[in-house]
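Undergrad: Quick one, query.txt (compact mmCIF, C-alpha atoms):
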```txt
# COMPACT_ATOMS: atom_id res chain seq x y z
CA MET A 1 57.67 38.87 96.24
CA ASP A 2 61.17 37.41 95.91
CA LYS A 3 60.82 34.05 97.64
CA GLU A 4 64.58 33.68 98.04
CA LYS A 5 65.26 37.03 99.68
CA GLY A 6 61.85 37.65 101.15
CA VAL A 7 61.49 41.14 99.63
CA THR A 8 58.51 42.64 97.88
CA ASP A 9 57.64 45.63 95.73
CA VAL A 10 54.09 45.94 97.09
CA ALA A 11 53.28 49.47 98.24
CA GLY A 12 53.18 49.74 102.03
CA VAL A 13 55.09 46.51 102.64
CA PRO A 14 58.67 46.65 103.95
CA LYS A 15 61.30 46.02 101.26
CA SER A 16 63.83 44.18 103.38
CA ASP A 17 63.55 40.68 104.76
CA ARG A 18 63.98 41.93 108.32
CA GLY A 19 61.38 44.65 107.89
CA LEU A 20 58.97 42.12 106.43
CA ARG A 21 59.44 39.81 109.41
CA VAL A 22 58.84 42.67 111.83
CA ALA A 23 55.68 43.61 109.95
CA ILE A 24 54.48 40.01 110.01
CA ILE A 25 55.04 39.76 113.77
CA ALA A 26 53.30 43.08 114.44
CA VAL A 27 50.33 42.27 112.23
CA THR A 28 49.99 38.73 113.59
CA ILE A 29 50.06 39.90 117.21
CA SER A 30 47.60 42.75 116.56
CA SER A 31 45.24 40.38 114.75
CA LYS A 32 45.34 37.82 117.57
CA LEU A 33 44.82 40.53 120.19
CA ALA A 34 41.85 41.87 118.23
CA HIS A 35 40.41 38.35 118.03
CA ILE A 36 40.86 37.78 121.76
CA ALA A 37 39.46 41.21 122.69
CA THR A 38 36.41 40.72 120.48
CA GLY A 39 35.87 37.27 121.97
CA ILE A 40 35.91 38.72 125.50
CA LEU A 41 33.61 41.62 124.63
CA THR A 42 31.09 39.30 122.99
CA LEU A 43 31.18 36.66 125.73
CA PRO A 44 27.59 37.28 126.99
CA TYR A 45 26.17 36.57 123.51
CA ASN A 46 29.03 34.69 121.86
CA ARG A 47 26.87 32.13 120.08
CA PHE A 48 24.76 34.86 118.52
CA TYR A 49 27.89 36.77 117.52
CA GLN A 50 29.47 33.70 115.97
CA GLN A 51 26.42 32.74 113.91
CA ASN A 52 25.37 36.19 112.73
CA THR A 53 28.65 38.05 112.34
CA LEU A 54 31.91 36.12 112.50
CA LEU A 55 31.12 32.81 110.78
CA PRO A 56 29.28 34.40 107.82
CA ILE A 57 32.20 36.79 107.28
CA LEU A 58 34.66 33.90 107.44
CA ALA A 59 32.56 32.06 104.84
CA ILE A 60 32.64 35.10 102.56
CA ALA A 61 36.41 35.40 103.04
CA LYS A 62 36.82 31.74 102.09
CA ALA A 63 34.73 32.27 98.95
CA VAL A 64 36.98 35.16 97.94
CA GLU A 65 40.07 33.14 98.74
CA ASP A 66 38.76 30.24 96.63
CA ARG A 67 38.22 32.74 93.79
CA GLU A 68 34.48 32.23 93.51
CA ASN A 69 32.75 34.34 90.87
CA ASP A 70 31.47 37.81 91.75
CA GLU A 71 27.83 36.75 91.47
CA GLU A 72 28.21 34.08 94.15
CA ILE A 73 30.11 36.43 96.45
CA SER A 74 27.47 39.14 95.96
CA ALA A 75 24.76 36.62 96.81
CA GLN A 76 26.56 35.66 100.03
CA LEU A 77 26.96 39.33 100.95
CA LYS A 78 23.25 39.92 100.36
CA ARG A 79 22.26 36.97 102.55
CA TRP A 80 24.57 38.22 105.29
CA ARG A 81 23.13 41.75 105.07
CA ASP A 82 19.60 40.35 105.30
CA ARG A 83 20.59 38.45 108.44
CA LYS A 84 22.11 41.58 109.96
CA LEU A 85 19.00 43.63 109.11
CA SER A 86 16.91 41.14 111.10
CA GLU A 87 19.40 41.45 113.94
CA PHE A 88 19.20 45.25 113.92
CA GLN A 89 15.40 45.09 114.12
CA LEU A 90 15.64 42.70 117.06
CA VAL A 91 18.08 45.02 118.81
CA GLN A 92 15.85 48.06 118.39
CA VAL A 93 12.78 46.28 119.77
CA ALA A 94 14.62 44.62 122.67
CA SER A 95 16.51 47.78 123.65
CA THR A 96 13.27 49.76 123.64
CA LEU A 97 11.69 47.24 126.00
CA ILE A 98 14.72 47.32 128.29
CA SER A 99 14.65 51.13 128.37
CA ALA A 100 10.97 51.09 129.28
CA ALA A 101 11.61 48.56 132.05
CA VAL A 102 14.44 50.64 133.51
CA ILE A 103 12.40 53.83 133.40
CA GLY A 104 9.61 52.01 135.22
CA CYS A 105 12.05 50.91 137.92
CA PHE A 106 12.98 54.51 138.67
CA SER A 107 9.44 55.08 139.96
CA TRP A 108 9.84 52.46 142.68
CA PRO A 109 10.39 53.76 146.23
CA PRO A 110 14.04 53.21 147.18
CA PRO A 111 14.71 51.09 150.29
CA ASP A 112 16.51 52.79 153.15
CA SER A 113 19.56 50.56 152.72
CA LEU A 114 19.66 50.65 148.90
CA HIS A 115 23.21 50.35 147.57
CA TRP A 116 24.41 52.94 145.08
CA LEU A 117 25.09 50.17 142.55
CA SER A 118 21.40 49.76 141.80
CA PRO A 119 20.78 53.23 140.32
CA ALA A 120 24.25 53.16 138.78
CA PHE A 121 23.42 49.93 136.93
CA TRP A 122 20.11 51.34 135.76
CA HIS A 123 21.59 54.58 134.49
CA ALA A 124 24.23 52.60 132.62
CA SER A 125 21.50 50.36 131.20
CA ILE A 126 19.64 53.38 129.86
CA SER A 127 22.81 54.63 128.17
CA PHE A 128 23.60 51.25 126.61
CA SER A 129 20.06 50.71 125.35
CA LEU A 130 19.67 54.19 123.84
CA PHE A 131 22.97 54.01 122.01
CA SER A 132 22.22 50.48 120.81
CA ILE A 133 18.98 51.76 119.28
CA LEU A 134 20.73 54.69 117.60
CA LEU A 135 23.60 52.57 116.31
CA ALA A 136 21.30 49.80 115.08
CA ALA A 137 19.16 52.35 113.23
CA SER A 138 22.25 53.92 111.68
CA GLU A 139 23.71 50.63 110.48
CA GLN A 140 20.29 49.44 109.36
CA PHE A 141 20.03 52.53 107.14
CA ILE A 142 23.42 51.71 105.59
CA PHE A 143 22.46 48.12 104.84
CA GLN A 144 19.04 49.07 103.49
CA THR A 145 20.62 51.67 101.20
CA LEU A 146 22.97 49.02 99.81
CA HIS A 147 20.12 46.54 99.50
CA ARG A 148 17.91 48.96 97.54
CA SER A 149 20.62 50.30 95.26
CA PRO A 150 19.23 50.27 91.67
CA LYS A 151 22.68 49.86 90.12
CA PRO A 152 24.97 46.83 90.40
CA ARG A 153 27.57 47.57 93.05
CA ASN A 154 31.29 46.95 92.85
CA VAL A 155 31.98 43.73 94.72
CA ASP A 156 35.37 44.94 95.92
CA LYS A 157 33.80 48.01 97.54
CA GLU A 158 31.21 45.85 99.27
CA LEU A 159 33.87 43.47 100.51
CA ALA A 160 35.84 46.43 101.87
CA MET A 161 33.14 46.62 104.58
CA ILE A 162 34.51 43.44 106.14
CA LEU A 163 37.76 42.39 104.43
CA TYR A 164 41.14 43.48 103.15
CA ILE A 165 41.26 42.04 99.66
CA ARG A 166 43.81 41.82 96.87
CA ARG A 167 43.17 40.83 93.27
CA SER A 168 46.46 38.96 93.35
CA ARG A 169 48.98 38.25 96.05
CA LYS A 170 51.41 40.78 94.62
CA VAL A 171 49.26 43.92 94.43
CA GLU A 172 48.22 46.31 97.15
CA PRO A 173 44.81 45.70 98.71
CA VAL A 174 41.56 47.38 97.76
CA HIS A 175 40.57 49.79 100.51
CA SER A 176 37.50 51.84 101.18
CA PRO A 177 37.56 55.16 99.27
CA LEU A 178 37.24 56.93 102.62
CA GLU A 179 40.61 55.63 103.82
CA GLU A 180 43.24 58.24 103.08
CA LEU A 181 46.10 56.32 104.66
CA PRO A 182 45.54 52.58 104.31
CA PRO A 183 47.45 50.51 106.88
CA ILE A 184 50.22 48.09 106.04
CA PRO A 185 48.58 45.12 104.27
CA GLN A 186 47.96 42.15 106.49
CA ILE A 187 50.36 39.26 105.91
CA ARG A 188 49.59 35.65 106.71
CA ALA A 189 52.51 33.78 108.23
CA ILE A 190 52.26 30.34 106.67
CA LYS A 191 54.66 28.27 108.73
CA ILE A 192 57.34 26.53 106.76
CA LYS A 193 60.26 24.92 108.53
CA GLU A 194 63.30 26.24 106.74
CA LYS A 195 66.86 26.80 107.91
CA GLY A 196 65.88 26.28 111.53
CA GLY A 197 63.17 28.96 111.61
CA TRP A 198 59.63 29.82 110.61
CA PHE A 199 59.25 31.96 107.48
CA PRO A 200 56.20 33.33 105.65
CA LYS A 201 55.53 31.80 102.28
CA GLU A 202 53.26 34.33 100.58
CA MET A 203 50.92 37.25 101.12
CA PRO A 204 47.25 36.34 101.66
CA LEU A 205 44.44 37.16 99.30
CA VAL A 206 42.09 38.28 102.08
CA GLU A 207 42.30 39.31 105.74
CA LEU A 208 39.53 40.14 108.17
CA ARG A 209 38.92 43.75 109.17
CA TRP A 210 38.47 43.25 112.90
CA ASN A 211 37.48 46.88 113.40
CA MET A 212 34.57 46.36 110.99
CA ILE A 213 33.58 43.07 112.62
CA PHE A 214 33.38 44.95 115.92
CA THR A 215 31.39 47.73 114.24
CA TRP A 216 28.72 45.48 112.72
CA GLN A 217 28.16 43.57 115.96
CA ALA A 218 28.26 46.61 118.28
CA PRO A 219 24.46 47.19 118.47
CA MET A 220 23.95 43.66 119.81
CA MET A 221 26.84 44.18 122.24
CA LEU A 222 25.31 47.36 123.66
CA MET A 223 21.90 45.70 123.95
CA ALA A 224 23.40 42.73 125.81
CA TYR A 225 25.27 45.03 128.19
CA SER A 226 22.06 47.00 128.75
CA ALA A 227 20.18 43.84 129.74
CA ILE A 228 23.00 42.78 132.07
CA CYS A 229 23.05 46.19 133.77
CA PHE A 230 19.27 46.17 134.15
CA LEU A 231 19.34 42.75 135.82
CA GLY A 232 22.28 43.80 137.97
CA GLY A 233 20.44 46.88 139.22
CA LEU A 234 17.27 44.88 139.80
CA THR A 235 19.15 42.27 141.82
CA VAL A 236 20.81 44.88 144.03
CA TYR A 237 17.44 46.61 144.56
CA VAL A 238 15.48 43.48 145.44
CA CYS A 239 18.23 42.09 147.69
CA ALA A 240 18.55 45.29 149.74
CA PRO A 241 16.82 43.69 152.79
CA LEU A 242 19.37 40.87 152.79
CA TYR A 243 22.45 43.07 153.03
CA GLY A 244 20.73 45.86 154.96
CA GLY A 245 20.36 43.85 158.16
CA GLN A 246 16.54 43.96 158.23
CA GLY A 247 16.19 40.39 159.41
CA TRP A 248 13.84 37.71 158.14
CA VAL A 249 11.02 40.04 157.09
CA GLY A 250 8.66 39.80 154.13
CA ALA A 251 11.01 41.74 151.85
CA SER A 252 13.84 39.32 152.68
CA LYS A 253 11.66 36.36 151.75
CA ALA A 254 10.76 38.07 148.47
CA ALA A 255 14.47 38.59 147.78
CA ILE A 256 15.19 34.88 148.33
CA PHE A 257 12.32 33.95 146.03
CA TYR A 258 13.69 36.37 143.42
CA LEU A 259 17.19 34.90 143.64
CA VAL A 260 15.87 31.36 143.17
CA SER A 261 13.84 32.38 140.13
CA PHE A 262 16.77 34.39 138.77
CA PHE A 263 19.08 31.40 139.11
CA PHE A 264 16.55 29.12 137.42
CA CYS A 265 16.02 31.54 134.53
CA GLY A 266 19.76 32.09 134.15
CA VAL A 267 20.53 28.37 133.97
CA THR A 268 17.66 27.84 131.53
CA PHE A 269 18.87 30.68 129.31
CA VAL A 270 22.46 29.44 129.21
CA TRP A 271 21.33 25.85 128.58
CA CYS A 272 18.97 26.79 125.75
CA ALA A 273 21.41 29.29 124.24
CA PHE A 274 23.97 26.49 124.02
CA TRP A 275 21.72 23.77 122.64
CA ALA A 276 19.80 26.05 120.27
CA TYR A 277 22.89 26.28 118.06
CA ARG A 278 24.37 22.89 118.89
CA PHE A 279 22.74 20.92 116.08
CA VAL A 280 21.47 23.80 113.96
CA ASP A 281 23.27 24.78 110.77
CA LEU A 282 22.20 28.24 109.67
CA GLY A 283 23.92 27.67 106.35
CA ASP A 284 26.01 30.06 104.34
CA PRO A 285 25.68 33.80 104.87
```
Once more with this new file: its structure as structure tokens, please.

TA:
Amino acid sequence: MDKEKGVTDVAGVPKSDRGLRVAIIAVTISSKLAHIATGILTLPYNRFYQQNTLLPILAIAKAVEDRENDEEISAQLKRWRDRKLSEFQLVQVASTLISAAVIGCFSWPPPDSLHWLSPAFWHASISFSLFSILLAASEQFIFQTLHRSPKPRNVDKELAMILYIRRSRKVEPVHSPLEELPPIPQIRAIKIKEKGGWFPKEMPLVELRWNMIFTWQAPMMLMAYSAICFLGGLTVYVCAPLYGGQGWVGASKAAIFYLVSFFFCGVTFVWCAFWAYRFVDLGDP
């Protein structure tokens, strides 16, 4: 890259200074939007997502950026894959239990005033749980195949699962062999005050693949949504006497008791989910 004129001869990167700035703005905005969207989608299990997906990938990206040797990077990738394999097993077991619970709920006699949201939640829960099982099994197969490979694997190809990577800051990135049309390389806008404006200094060595981050955490996302939908349907079902105008009957008392226990369990879960990771360092990936 010509630091004076801001042009570059890297394939896929605009040649002109103006084109480069436009590309930087577009890439920066898209990256931030992807980060925000992923943060919103993972809100119900954000701590789990941070510790098992995002933070390990950031640690691997830092190791690549610091030019660690291939053996160390491969070891970090292996530890991260082992962690994800445990996560996929958890998802399959939990989603199976949720599916069984929902199927059992369908055998309950529906109250006269049952709101349509209850069966809607349960049907959605079944869909989420089934697809979380299928997706977890599929991704587990991929990781196990990589783990059991008898031959040493190319580190760049393994990193392509989570990162855009360049061997130097002036060459085009290494992409997955399946990508026929690689996107414009990501460009980090390092802020330097110069001539009254902000200008990029150099191209980065690595950038996160947000689409792959979403992919590897998707089974947990579907499982979490399945659990939420199951609890939503259960709450609507149990509370039918309260909004159905049945008065202070036995079913209404049971609904109040359920709401109290639900609130207690919810507060306990949020509290423990926060403090469980508060002073725990799971280490490098």

Undergrad: To one decimal place in Å, what is the distance between atom CA of A:Glu158 and atom CA of A:Gln89?

TA: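 Pair atom CA of A:Glu158 / atom CA of A:Gln89 returns 21.7 Å.
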
Undergrad: Restricting the calculation to only C-alpha atoms: of A:Phe269, A:Phe141, A:Phe264, A:Tyr237, which residue gets closest to A:Trp108?

TA: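 Smallest distance to A:Trp108 is found for A:Tyr237.
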
Undergrad: Interatomic distance between atom CA of A:Cys229 and atom CA of A:Ser86?

TA: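 The value is 24.0 Å.
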
Undergrad: Residues proximal to (24.6, 36.5, 128.5) were defined as those with any atom within 7 Å of that point in the file's coordinates, counting only C-alpha atoms. Which are they, as a ChimeraX atom specification?

TA: /A:44-45,224

Undergrad: Looking at A:Ile162, A:Leu85, A:Met223, A:Ala34, which one is nearest to A:Gln144, with distances taken over all atoms listed in the file?

TA: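 Of all the options, A:Leu85 lies closest to A:Gln144.
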
Undergrad: Measure the distance from atom CA of A:Leu146 to atom CA of A:Phe131 in Å and round it to one decimal.

TA: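 Between these atoms lies a distance of 22.8 Å.
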
Undergrad: Pick out the closest residue to A:Phe128 from this set: A:Met221, A:Thr53, A:Ile60, A:Tyr164. Count only C-alpha atoms.

TA: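 Using only C-alpha atoms, the shortest distance to A:Phe128 belongs to A:Met221.
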
Undergrad: For A:Val236, which residue out of A:Ile57, A:Ala63, A:Ala124, A:Leu117 is the nearest one, using only C-alpha atoms?

TA: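 Looking only at the distances to A:Val236, the closest residue turns out to be A:Leu117.
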
Undergrad: Smallest atom-to-atom distance to A:Pro110: which of A:Ala240, A:Val64, A:Leu55, A:Ala136, using all atoms listed in the file?

TA: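 The shortest atom-to-atom distance to A:Pro110 comes from A:Ala240.
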
Undergrad: Counting only C-alpha atoms, which residue out of A:Leu77, A:Tyr277, A:Ser132, A:Thr268 sits closest to A:Met161?

TA: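 The shortest atom-to-atom distance to A:Met161 comes from A:Leu77.
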
Undergrad: I'd like the contact shell of A:Ala227 - 8 Å cut-off, all atoms listed in the file, skipping same-chain residues fewer than 4 positions apart - returned as a VMD selection string.

TA: chain A and resid 98 125 223 231
